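**Student:** So here's upload-v3.pdb (PDB, C-alpha atoms, pLDDT in the B column).
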ATOM      1  CA  MET A   1     -34.119 184.545 309.774  1.00 56.00           C
ATOM      2  CA  PRO A   2     -35.391 188.028 308.768  1.00 63.00           C
ATOM      3  CA  ALA A   3     -39.012 188.280 307.657  1.00 64.00           C
ATOM      4  CA  ASP A   4     -38.015 188.811 304.033  1.00 75.00           C
ATOM      5  CA  ASP A   5     -35.916 185.608 303.918  1.00 86.00           C
ATOM      6  CA  LEU A   6     -37.695 182.397 303.027  1.00 86.00           C
ATOM      7  CA  PRO A   7     -36.575 178.784 303.361  1.00 91.00           C
ATOM      8  CA  ALA A   8     -35.217 177.215 300.190  1.00 91.00           C
ATOM      9  CA  SER A   9     -33.568 173.983 299.055  1.00 92.00           C
ATOM     10  CA  GLY A  10     -35.629 171.815 301.369  1.00 92.00           C
ATOM     11  CA  GLY A  11     -34.879 173.980 304.395  1.00 90.00           C
ATOM     12  CA  LYS A  12     -31.119 173.861 303.821  1.00 93.00           C
ATOM     13  CA  GLY A  13     -30.874 177.428 302.573  1.00 92.00           C
ATOM     14  CA  VAL A  14     -32.653 180.745 302.444  1.00 90.00           C
ATOM     15  CA  VAL A  15     -33.588 183.138 299.689  1.00 90.00           C
ATOM     16  CA  GLU A  16     -34.028 186.871 300.225  1.00 87.00           C
ATOM     17  CA  CYS A  17     -37.234 187.998 298.551  1.00 84.00           C
ATOM     18  CA  LEU A  18     -37.525 191.745 299.153  1.00 83.00           C
ATOM     19  CA  LEU A  19     -34.541 192.648 296.979  1.00 84.00           C
ATOM     20  CA  ASN A  20     -34.754 189.622 294.640  1.00 83.00           C
ATOM     21  CA  THR A  21     -37.443 188.524 292.217  1.00 86.00           C
ATOM     22  CA  ASP A  22     -35.806 185.403 290.784  1.00 88.00           C
ATOM     23  CA  GLY A  23     -35.608 181.933 292.244  1.00 85.00           C
ATOM     24  CA  ALA A  24     -37.777 179.627 294.292  1.00 85.00           C
ATOM     25  CA  ALA A  25     -38.526 179.266 297.961  1.00 87.00           C
ATOM     26  CA  ASP A  26     -39.744 176.018 299.434  1.00 90.00           C
ATOM     27  CA  PHE A  27     -43.395 176.992 299.112  1.00 85.00           C
ATOM     28  CA  ASP A  28     -43.658 179.568 296.291  1.00 88.00           C
ATOM     29  CA  THR A  29     -41.709 181.551 293.712  1.00 89.00           C
ATOM     30  CA  VAL A  30     -39.549 184.429 294.876  1.00 90.00           C
ATOM     31  CA  ARG A  31     -41.355 186.738 292.420  1.00 90.00           C
ATOM     32  CA  ARG A  32     -44.735 186.078 294.062  1.00 91.00           C
ATOM     33  CA  CYS A  33     -43.314 186.427 297.572  1.00 88.00           C
ATOM     34  CA  HIS A  34     -41.542 189.656 296.576  1.00 86.00           C
ATOM     35  CA  ALA A  35     -44.810 191.096 295.249  1.00 88.00           C
ATOM     36  CA  ALA A  36     -46.751 190.068 298.375  1.00 89.00           C
ATOM     37  CA  ILE A  37     -44.218 191.641 300.751  1.00 86.00           C
ATOM     38  CA  LEU A  38     -43.992 194.794 298.664  1.00 86.00           C
ATOM     39  CA  ASP A  39     -47.793 195.101 298.615  1.00 88.00           C
ATOM     40  CA  GLN A  40     -47.878 194.906 302.412  1.00 87.00           C
ATOM     41  CA  ILE A  41     -45.144 197.517 302.766  1.00 85.00           C
ATOM     42  CA  VAL A  42     -46.756 200.094 300.478  1.00 87.00           C
ATOM     43  CA  GLU A  43     -50.173 199.597 302.097  1.00 88.00           C
ATOM     44  CA  MET A  44     -48.754 201.116 305.298  1.00 88.00           C
ATOM     45  CA  ASP A  45     -47.790 204.454 303.711  1.00 85.00           C
ATOM     46  CA  GLU A  46     -50.217 206.379 301.518  1.00 89.00           C
ATOM     47  CA  ASN A  47     -47.493 208.437 299.785  1.00 87.00           C
ATOM     48  CA  LEU A  48     -45.439 205.337 299.078  1.00 86.00           C
ATOM     49  CA  MET A  49     -48.533 203.579 297.730  1.00 89.00           C
ATOM     50  CA  GLU A  50     -49.279 206.451 295.333  1.00 90.00           C
ATOM     51  CA  LYS A  51     -45.732 206.312 293.972  1.00 88.00           C
ATOM     52  CA  TYR A  52     -45.834 202.515 293.696  1.00 86.00           C
ATOM     53  CA  LEU A  53     -49.165 202.529 291.873  1.00 89.00           C
ATOM     54  CA  GLY A  54     -47.727 205.197 289.575  1.00 92.00           C
ATOM     55  CA  GLY A  55     -44.968 202.781 288.569  1.00 89.00           C
ATOM     56  CA  GLU A  56     -42.174 203.994 290.843  1.00 87.00           C
ATOM     57  CA  GLU A  57     -40.177 201.323 292.655  1.00 81.00           C
ATOM     58  CA  PRO A  58     -39.776 201.901 296.400  1.00 79.00           C
ATOM     59  CA  ASP A  59     -36.420 202.650 298.012  1.00 77.00           C
ATOM     60  CA  TYR A  60     -35.673 199.130 299.248  1.00 72.00           C
ATOM     61  CA  ALA A  61     -33.050 200.391 301.703  1.00 69.00           C
ATOM     62  CA  ARG A  62     -35.835 202.202 303.553  1.00 69.00           C
ATOM     63  CA  CYS A  63     -38.090 199.119 303.456  1.00 67.00           C
ATOM     64  CA  THR A  64     -35.725 196.834 305.336  1.00 62.00           C
ATOM     65  CA  SER A  65     -34.087 197.069 308.733  1.00 55.00           C
ATOM     66  CA  ARG A  66     -30.795 195.454 307.651  1.00 47.00           C
TER      67      ARG A  66
END
Would you kindly transcribe this structure into structure tokens?
**Tutor:**
Amino acid sequence: MPADDLPASGGKGVVECLLNTDGAADFDTVRRCHAAILDQIVEMDENLMEKYLGGEEPDYARCTSR
């Protein structure tokens, strides 16, 4: 399971939380998990962080290895 997929439906499914903001994982909402992962990603790149804090959404294709 990729790092941006979380268990859902009592461990019987997964939910992708980098590209999605709706739904529920087994331990939290997808929106909160999405925000936490995005925060960690932008913290690693100062230019990306400046854009993100300025209201620009990151290029999600560049944020994932899929």
**Student:** From the list A:Val42, A:Val30, A:Leu53, A:Leu48, which residue is nearest Cys17 (chain A) when using all atoms listed in the file?
**Tutor:**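 The answer is A:Val30, which sits nearest to Cys17 (chain A).
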**Student:** Please report the interatomic distance between CA of Asp26 (chain A) and CA of Glu43 (chain A) in Å with one decimal.
**Tutor:**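 Separating CA of Asp26 (chain A) from CA of Glu43 (chain A) is a distance of 25.9 Å.
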**Student:** Identify which of the residues A:Thr29, A:Ser9, A:Asn47, A:Asn20 lies closest to Tyr60 (chain A), counting all atoms listed in the file when measuring atom-to-atom distances.
**Tutor:**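 Smallest separation from Tyr60 (chain A) among the options: A:Asn20.
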**Student:** Which one of A:Ala8, A:Ala24, A:Val15, A:Ala35 sits closest to Tyr52 (chain A) if you count all atoms listed in the file?
**Tutor:**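 Going through A:Ala8, A:Ala24, A:Val15, A:Ala35 one by one, the smallest distance to Tyr52 (chain A) is for A:Ala35.
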**Student:** Which residues are near Arg31 (chain A)? Cut-off 12 Å, all atoms listed in the file, ignore same chain within fewer than 5 positions. Put them as a list in words.
**Tutor:**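 In the requested form, the answer reads Val15, Glu16, Cys17, Leu18, Leu19, Asn20, Thr21, Asp22, Gly23, Ala24, Ala25, Ala36, Ile37 and Leu38 of chain A.
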**Student:** One decimal, Å: what's the distance from CA of Val14 (chain A) over to CA of Asp45 (chain A), could you say?
**Tutor:** 28.2 Å
**Student:** Hey, can you check how far CA of Glu50 (chain A) sits from CA of Asp4 (chain A)?
**Tutor:**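 Calculated distance between CA of Glu50 (chain A) and CA of Asp4 (chain A) is 22.7 Å.
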